[in-house]
$ cat query05.cif   # mmCIF, C-alpha atoms and all ligand atoms
data_start
loop_
_atom_site.label_atom_id
_atom_site.label_comp_id
_atom_site.auth_asym_id
_atom_site.auth_seq_id
_atom_site.Cartn_x
_atom_site.Cartn_y
_atom_site.Cartn_z
CA MET A 243 -7.62 15.06 -14.70
CA LEU A 244 -5.76 17.34 -12.37
CA ILE A 245 -1.95 16.93 -12.50
CA ILE A 246 0.00 17.62 -9.31
CA THR A 247 3.79 17.40 -9.32
CA ALA A 248 5.79 17.16 -6.11
CA ALA A 249 9.07 18.88 -6.88
CA SER A 250 11.92 20.21 -4.77
CA LEU A 251 15.46 20.62 -6.00
CA ALA A 252 17.44 18.73 -3.36
CA GLY A 253 17.53 15.17 -2.10
CA GLY A 254 15.45 14.02 0.84
CA GLN A 255 12.87 16.84 0.86
CA GLY A 256 9.82 14.60 1.19
CA LYS A 257 8.74 14.55 -2.49
CA THR A 258 8.09 10.82 -2.57
CA THR A 259 6.61 10.69 0.93
CA SER A 260 4.20 13.54 0.31
CA SER A 261 3.09 12.34 -3.12
CA PHE A 262 2.54 8.82 -1.78
CA PHE A 263 0.44 9.88 1.22
CA LEU A 264 -1.52 12.49 -0.73
CA ALA A 265 -2.30 9.90 -3.41
CA ARG A 266 -3.45 7.37 -0.86
CA ALA A 267 -5.63 9.90 0.91
CA LEU A 268 -7.24 10.91 -2.40
CA ALA A 269 -7.75 7.27 -3.41
CA LYS A 270 -9.39 6.59 -0.07
CA LYS A 271 -11.84 9.38 -0.86
CA LYS A 272 -12.71 7.45 -4.05
CA TYR A 273 -10.86 9.66 -6.48
CA LYS A 274 -9.22 7.65 -9.26
CA VAL A 275 -5.54 8.39 -8.83
CA LEU A 276 -2.64 7.76 -11.19
CA MET A 277 0.87 8.01 -9.75
CA VAL A 278 3.88 8.62 -11.98
CA ASP A 279 7.31 7.67 -10.71
CA ALA A 280 9.54 10.10 -12.57
CA ASP A 281 12.67 9.47 -10.52
CA PRO A 282 15.22 6.87 -11.73
CA GLN A 283 15.83 6.08 -8.03
CA SER A 284 12.30 4.63 -8.24
CA SER A 285 11.49 5.04 -4.55
CA LEU A 286 7.81 5.49 -5.29
CA THR A 287 7.66 2.26 -7.29
CA PHE A 288 9.26 0.60 -4.29
CA TYR A 289 6.89 2.26 -1.77
CA LEU A 290 3.97 0.88 -3.77
CA GLY A 291 5.53 -2.58 -3.68
CA HIS A 292 5.64 -2.77 -7.47
CA GLU A 293 8.32 -4.92 -9.04
CA VAL A 294 9.27 -3.99 -12.57
CA GLU A 295 9.67 -7.21 -14.52
CA LEU A 296 11.99 -7.56 -17.47
CA ASN A 297 10.28 -6.46 -20.69
CA GLN A 298 7.42 -4.75 -18.87
CA PRO A 299 6.99 -1.15 -20.03
CA THR A 300 7.77 1.64 -17.56
CA LEU A 301 7.70 5.43 -17.75
CA LEU A 302 10.74 5.24 -20.04
CA GLU A 303 8.84 3.46 -22.80
CA VAL A 304 5.78 5.64 -22.26
CA LEU A 305 7.79 8.86 -22.64
CA LYS A 306 9.57 7.50 -25.71
CA LYS A 307 6.17 6.55 -27.16
CA GLN A 308 7.34 2.98 -27.66
CA VAL A 309 4.11 1.81 -26.00
CA SER A 310 0.71 3.35 -25.42
CA ILE A 311 0.46 5.04 -22.04
CA PHE A 312 -2.20 2.49 -21.06
CA ASP A 313 0.40 -0.29 -21.39
CA GLY A 314 2.62 1.51 -18.87
CA ILE A 315 -0.09 1.74 -16.19
CA TYR A 316 -0.31 -0.94 -13.47
CA GLU A 317 -2.80 -1.57 -10.71
CA SER A 318 -1.39 -1.11 -7.22
CA ASN A 319 -2.29 -2.99 -4.06
CA TYR A 320 -4.52 -0.08 -3.08
CA SER A 321 -7.95 0.47 -4.54
CA ASN A 322 -8.36 3.49 -6.85
CA LEU A 323 -4.58 3.84 -7.14
CA TRP A 324 -2.57 3.08 -10.31
CA LEU A 325 1.10 3.53 -11.12
CA ILE A 326 3.40 4.22 -14.04
CA PRO A 327 6.57 2.77 -12.53
CA SER A 328 10.22 3.47 -13.21
CA ASP A 329 13.55 1.79 -12.74
CA ASP A 330 17.09 3.09 -13.08
CA GLY A 331 16.83 2.72 -16.87
CA LEU A 332 14.80 5.95 -16.79
CA GLU A 333 18.13 7.79 -16.60
CA THR A 334 18.56 7.12 -20.34
CA ILE A 335 15.56 9.33 -21.14
CA GLN A 336 17.71 12.44 -20.52
CA ASP A 337 19.28 12.31 -23.99
CA TYR A 338 15.94 11.66 -25.64
CA LEU A 339 14.32 14.62 -23.88
CA SER A 340 17.18 17.01 -24.58
CA THR A 341 17.33 16.13 -28.26
CA THR A 342 13.56 16.08 -28.85
CA ALA A 343 12.03 19.39 -29.86
CA MET A 344 10.03 20.71 -26.88
CA GLY A 345 11.23 17.77 -24.76
CA GLU A 346 9.88 19.46 -21.64
CA LEU A 347 6.33 19.03 -22.97
CA VAL A 348 6.61 15.25 -23.44
CA LEU A 349 5.07 14.13 -20.12
CA LYS A 350 2.24 16.66 -20.36
CA LYS A 351 1.36 15.39 -23.84
CA ARG A 352 1.40 11.72 -22.84
CA LEU A 353 -0.79 12.36 -19.80
CA LYS A 354 -3.41 14.09 -21.98
CA GLU A 355 -4.26 10.64 -23.36
CA VAL A 356 -5.54 9.48 -19.95
CA SER A 357 -7.18 12.72 -18.89
CA ASP A 358 -10.64 11.13 -19.06
CA THR A 359 -9.58 7.98 -17.19
CA PHE A 360 -8.35 9.41 -13.87
CA ASP A 361 -9.40 12.25 -11.56
CA VAL A 362 -5.94 13.11 -10.29
CA CYS A 363 -2.40 12.37 -11.40
CA LEU A 364 0.45 12.71 -8.91
CA VAL A 365 3.96 12.96 -10.28
CA ASP A 366 7.01 12.29 -8.12
CA SER A 367 9.91 14.36 -9.45
CA PRO A 368 13.65 13.68 -9.09
CA PRO A 369 15.88 15.90 -6.92
CA GLN A 370 18.21 17.18 -9.64
CA ARG A 371 17.39 19.82 -12.21
CA THR A 372 17.46 17.39 -15.10
CA GLN A 373 15.38 17.11 -18.27
CA ILE A 374 13.13 14.65 -16.42
CA CYS A 375 12.61 17.19 -13.69
CA LEU A 376 11.71 19.89 -16.24
CA THR A 377 9.13 17.72 -17.98
CA THR A 378 7.47 16.89 -14.64
CA VAL A 379 7.28 20.54 -13.59
CA VAL A 380 5.96 21.67 -16.97
CA ALA A 381 3.26 18.96 -16.84
CA ALA A 382 1.83 20.27 -13.55
CA ASP A 383 -1.44 22.08 -13.12
CA GLU A 384 -0.41 22.45 -9.48
CA LEU A 385 3.10 22.27 -8.11
CA LEU A 386 3.59 21.08 -4.55
CA ILE A 387 6.96 21.97 -3.04
CA PRO A 388 7.91 19.75 -0.09
CA VAL A 389 10.77 21.30 1.84
CA GLU A 390 12.70 19.98 4.81
CA ALA A 391 12.52 22.25 7.86
CA SER A 392 16.24 23.05 7.66
CA SER A 393 18.64 25.36 5.83
CA LYS A 394 19.06 22.68 3.14
CA GLY A 395 15.30 22.77 2.72
CA LEU A 396 15.28 26.54 2.31
CA HIS A 397 17.90 26.31 -0.42
CA SER A 398 15.81 23.67 -2.12
CA LEU A 399 12.79 25.98 -1.95
CA MET A 400 14.73 28.88 -3.46
CA ARG A 401 16.11 26.74 -6.25
CA THR A 402 12.67 25.35 -7.04
CA LEU A 403 11.04 28.79 -7.08
CA ASN A 404 13.84 30.06 -9.35
CA LEU A 405 13.21 27.20 -11.74
CA VAL A 406 9.50 28.02 -11.85
CA GLU A 407 10.27 31.69 -12.56
CA GLU A 408 12.63 30.71 -15.37
CA LEU A 409 10.05 28.41 -16.92
CA LYS A 410 7.36 31.07 -16.57
CA SER A 411 9.55 33.65 -18.28
CA VAL A 412 9.57 31.49 -21.43
CA ASP A 413 5.87 30.59 -21.06
CA ALA A 414 6.76 26.95 -20.38
CA PHE A 415 5.06 26.74 -16.96
CA GLU A 416 1.36 27.43 -17.09
CA GLY A 417 0.39 25.83 -13.79
CA ALA A 418 0.07 27.26 -10.31
CA ILE A 419 2.01 26.67 -7.14
CA LEU A 420 -0.19 24.77 -4.71
CA GLY A 421 2.07 25.63 -1.81
CA ILE A 422 4.98 24.66 0.38
CA LEU A 423 4.84 21.53 2.51
CA PRO A 424 7.31 21.57 5.44
CA PHE A 425 8.90 18.16 5.96
CA ARG A 426 10.48 16.65 9.09
CA ASP A 427 9.21 19.38 11.39
CA ARG A 428 10.67 18.37 14.74
CA TRP A 429 8.79 18.59 18.02
CA VAL A 430 9.81 17.32 21.41
CA GLY A 431 6.58 16.85 23.28
CA ARG A 432 4.75 20.16 22.93
CA THR A 433 7.84 22.11 22.05
CA GLN A 434 8.89 22.73 18.47
CA ALA A 435 12.61 22.51 17.79
CA LYS A 436 14.10 25.98 17.26
CA ARG A 437 15.57 24.98 13.90
CA SER A 438 12.16 23.81 12.65
CA GLU A 439 10.39 26.91 13.88
CA ALA A 440 12.93 29.25 12.28
CA SER A 441 12.96 27.33 8.99
CA ILE A 442 9.20 27.36 8.67
CA GLN A 443 9.12 31.09 9.38
CA ASP A 444 11.69 31.56 6.63
CA MET A 445 9.55 29.45 4.26
CA HIS A 446 6.77 32.02 4.66
CA GLU A 447 9.20 34.82 3.79
CA VAL A 448 10.86 33.09 0.87
CA GLY A 449 7.47 31.91 -0.42
CA GLN A 450 6.09 35.47 -0.43
CA GLY A 451 2.44 34.75 0.08
CA LEU A 452 2.42 31.12 -1.03
CA ASP A 453 0.46 28.77 1.20
CA VAL A 454 2.57 26.93 3.76
CA PHE A 455 0.66 23.76 4.66
CA PRO A 456 0.64 22.02 8.05
CA SER A 457 3.91 20.12 8.38
CA ILE A 458 4.84 16.52 7.96
CA LEU A 459 6.25 15.95 11.43
CA GLU A 460 9.56 14.20 12.03
CA SER A 461 8.30 10.71 12.79
CA GLU A 462 9.00 7.07 12.09
CA ARG A 463 5.27 6.47 11.65
CA TYR A 464 5.27 7.50 8.00
CA LYS A 465 7.86 4.88 7.17
CA GLN A 466 5.93 2.37 9.25
CA ALA A 467 2.76 3.13 7.29
CA ILE A 468 4.63 2.63 4.00
CA ASP A 469 6.27 -0.62 5.12
CA THR A 470 3.06 -2.14 6.47
CA GLY A 471 0.75 -0.85 3.73
CA ARG A 472 -1.51 0.60 6.40
CA THR A 473 -2.72 4.17 6.76
CA LEU A 474 -1.52 6.49 9.52
CA GLU A 475 -5.06 6.43 10.84
CA GLU A 476 -5.04 2.63 11.00
CA LEU A 477 -1.80 2.87 12.96
CA GLY A 478 -3.55 5.13 15.45
CA HIS A 479 -1.93 8.37 14.26
CA SER A 480 -4.66 10.16 12.35
CA ASN A 481 -3.19 13.48 13.57
CA LEU A 482 -0.26 12.87 11.18
CA GLU A 483 -2.69 12.94 8.25
CA LEU A 484 -3.42 16.62 8.81
CA PRO A 485 -1.18 17.93 5.99
CA PHE A 486 -2.87 15.66 3.43
CA ASN A 487 -6.38 16.44 4.64
CA LYS A 488 -5.60 20.12 4.36
CA LEU A 489 -4.18 19.67 0.84
CA ILE A 490 -7.32 17.80 -0.24
CA GLU A 491 -9.50 20.53 1.25
CA VAL A 492 -7.71 23.14 -0.87
CA LEU A 493 -7.78 20.93 -3.98
CA GLU A 494 -11.48 20.23 -3.58
CA ARG A 495 -12.24 23.89 -3.23
CA LYS A 496 -10.23 24.74 -6.31
CA TRP A 497 -10.52 21.77 -8.65
CA LEU A 498 -12.25 18.61 -7.60
CA LYS A 499 -15.88 17.80 -7.30
CA ASN A 500 -16.63 16.68 -3.77
CA LYS A 501 -17.06 12.93 -3.89
P1 LIG A 601 14.76 12.10 -3.06
O1 LIG A 601 15.20 13.49 -3.41
O2 LIG A 601 15.90 11.19 -2.75
O3 LIG A 601 13.80 11.55 -4.05
P2 LIG A 601 12.49 12.81 -1.46
O4 LIG A 601 12.47 14.30 -1.58
O5 LIG A 601 11.57 12.05 -2.31
O6 LIG A 601 13.98 12.25 -1.66
P3 LIG A 601 11.59 11.16 0.68
O7 LIG A 601 12.18 9.97 0.04
O8 LIG A 601 10.13 11.32 0.68
O9 LIG A 601 12.27 12.47 0.08
O10 LIG A 601 12.08 11.24 2.20
C1 LIG A 601 13.45 11.30 2.53
C2 LIG A 601 13.75 10.35 3.66
O11 LIG A 601 13.05 10.71 4.85
C3 LIG A 601 13.36 8.91 3.37
O12 LIG A 601 14.43 8.09 3.75
C4 LIG A 601 12.16 8.66 4.26
O13 LIG A 601 12.11 7.33 4.75
C5 LIG A 601 12.39 9.59 5.42
N1 LIG A 601 11.13 10.06 6.00
C6 LIG A 601 9.92 10.05 5.43
N2 LIG A 601 9.00 10.63 6.22
C7 LIG A 601 9.66 11.01 7.34
C8 LIG A 601 9.24 11.67 8.53
N3 LIG A 601 8.00 12.06 8.70
N4 LIG A 601 10.19 11.90 9.46
C9 LIG A 601 11.46 11.53 9.26
N5 LIG A 601 11.92 10.91 8.15
C10 LIG A 601 11.03 10.66 7.20
MG MG A 602 11.97 10.82 -3.93
#
$ encode --input "query05.cif" --output "structure tokens"
Amino acid sequence: MLIITAASLAGGQGKTTSSFFLARALAKKKYKVLMVDADPQSSLTFYLGHEVELNQPTLLEVLKKQVSIFDGIYESNYSNLWLIPSDDGLETIQDYLSTTAMGELVLKKRLKEVSDTFDVCLVDSPPQRTQICLTTVVAADELLIPVEASSKGLHSLMRTLNLVEELKSVDAFEGAILGILPFRDRWVGRTQAKRSEASIQDMHEVGQGLDVFPSILESERYKQAIDTGRTLEELGHSNLELPFNKLIEVLERKWLKNK
């Protein structure tokens, strides 16, 4: 099982959006996909229309080893797509992770138990540099860094790359960086907004040779696809799927057997 974490150290960078659409695109190609909602805001759980019922295990109980990981996995409304959900109770894992020896390895260890069950696992990381964030980054075989096409986005990129360097310097990050995914790239007709163009150019510089994928364009269609449970293609906007198709192309070349 290939583990991909979407991480970016600021709010609203497209982590949840990109992990959701990448997961759906992979599931549509018949890969068995497990999504992990590692953000106490639980946007991903919400996007997947999953309601956490009282007493049902979530990522919190899985990380604390109070239940087997299999008990924390739920079917979604989409075929080939499963979820380990979260709710705001996940916040309480911080203390557990910071007081457990090698707390940053906890998610990686738990996911090993399902490595023969799924083809790909997509982890949605929180925006702050918390213990939860660290355990999601350390778990990754490939790190995807979604970044808003703005100065806030560039700061997020720098902070995320710094975190990776720090983790590498203590041998805690053994994965690779899949690349940078520009988010909310703004076009008016055939003209790209100056701010978007400049930010994406800067992403290439800051990323120093990392892949910069085709952008997620500024568009209401993504939200519409989430709200209606339909794909962008079904909504007549298959052009907006370009970033995810490109990501899958790279992943298939590097990791996945063509299905
Ligand atoms: P957080 O750090 O809060 O977890 P995030 O990095 O996961 O945020 P998202 O939740 O994916 O970011 O997206 C941020 C916001 O942008 C959301 O409100 C979402 O509805 C909106 N959004 C998603 N896709 C687009 C798009 N293509 N164009 C404009 N806005 C979008
Ligand atoms: Mg999010």
$ residues_around --input "query05.cif" --residues "segment 349-358 of chain A" --least-positions-apart "5" --cutoff "12 Å" --atoms "all atoms listed in the file" --output "MDAnalysis selection string"
chainID A and resid 243:247 274:280 301:315 324 326 335 339 344 363:365 367 373:383 414:417
$ residues_near_ligand --input "query05.cif" --ligand "ligand MG 602 (chain A)" --cutoff "10 Å" --atoms "all atoms listed in the file" --output "ChimeraX atom specification"
/A:248-250,252-262,279-286,366-369
$ write_last_selection --input "query05.cif" --atoms "C-alpha atoms" --output "PDB file, in the frame of the given file"
ATOM      1  CA  ALA A 248       5.790  17.160  -6.110  1.00  0.00           C
ATOM      2  CA  ALA A 249       9.070  18.880  -6.880  1.00  0.00           C
ATOM      3  CA  SER A 250      11.920  20.210  -4.770  1.00  0.00           C
ATOM      4  CA  ALA A 252      17.440  18.730  -3.360  1.00  0.00           C
ATOM      5  CA  GLY A 253      17.530  15.170  -2.100  1.00  0.00           C
ATOM      6  CA  GLY A 254      15.450  14.020   0.840  1.00  0.00           C
ATOM      7  CA  GLN A 255      12.870  16.840   0.860  1.00  0.00           C
ATOM      8  CA  GLY A 256       9.820  14.600   1.190  1.00  0.00           C
ATOM      9  CA  LYS A 257       8.740  14.550  -2.490  1.00  0.00           C
ATOM     10  CA  THR A 258       8.090  10.820  -2.570  1.00  0.00           C
ATOM     11  CA  THR A 259       6.610  10.690   0.930  1.00  0.00           C
ATOM     12  CA  SER A 260       4.200  13.540   0.310  1.00  0.00           C
ATOM     13  CA  SER A 261       3.090  12.340  -3.120  1.00  0.00           C
ATOM     14  CA  PHE A 262       2.540   8.820  -1.780  1.00  0.00           C
ATOM     15  CA  ASP A 279       7.310   7.670 -10.710  1.00  0.00           C
ATOM     16  CA  ALA A 280       9.540  10.100 -12.570  1.00  0.00           C
ATOM     17  CA  ASP A 281      12.670   9.470 -10.520  1.00  0.00           C
ATOM     18  CA  PRO A 282      15.220   6.870 -11.730  1.00  0.00           C
ATOM     19  CA  GLN A 283      15.830   6.080  -8.030  1.00  0.00           C
ATOM     20  CA  SER A 284      12.300   4.630  -8.240  1.00  0.00           C
ATOM     21  CA  SER A 285      11.490   5.040  -4.550  1.00  0.00           C
ATOM     22  CA  LEU A 286       7.810   5.490  -5.290  1.00  0.00           C
ATOM     23  CA  ASP A 366       7.010  12.290  -8.120  1.00  0.00           C
ATOM     24  CA  SER A 367       9.910  14.360  -9.450  1.00  0.00           C
ATOM     25  CA  PRO A 368      13.650  13.680  -9.090  1.00  0.00           C
ATOM     26  CA  PRO A 369      15.880  15.900  -6.920  1.00  0.00           C
TER      27      PRO A 369
END
$ atom_distance --input "query05.cif" --atom1 "atom CA of Ser393 of chain A" --atom2 "atom CA of Met445 of chain A"
10.1 Å
$ residues_near_point --input "query05.cif" --point "(15.1, 19.1, 7.7)" --cutoff "12 Å" --atoms "only C-alpha atoms" --output "NGL selection string"
:A and (252-256 or 388-398 or 423-428 or 435-442 or 457-461)
$ residues_around --input "query05.cif" --residues "Ala267 of chain A" --least-positions-apart "4" --cutoff "8 Å" --atoms "all atoms listed in the file" --output "number ranges by chain"
A: 263, 271, 486-487
$ atom_distance --input "query05.cif" --atom1 "atom CA of Tyr338 of chain A" --atom2 "atom CA of Leu323 of chain A"
28.7 Å
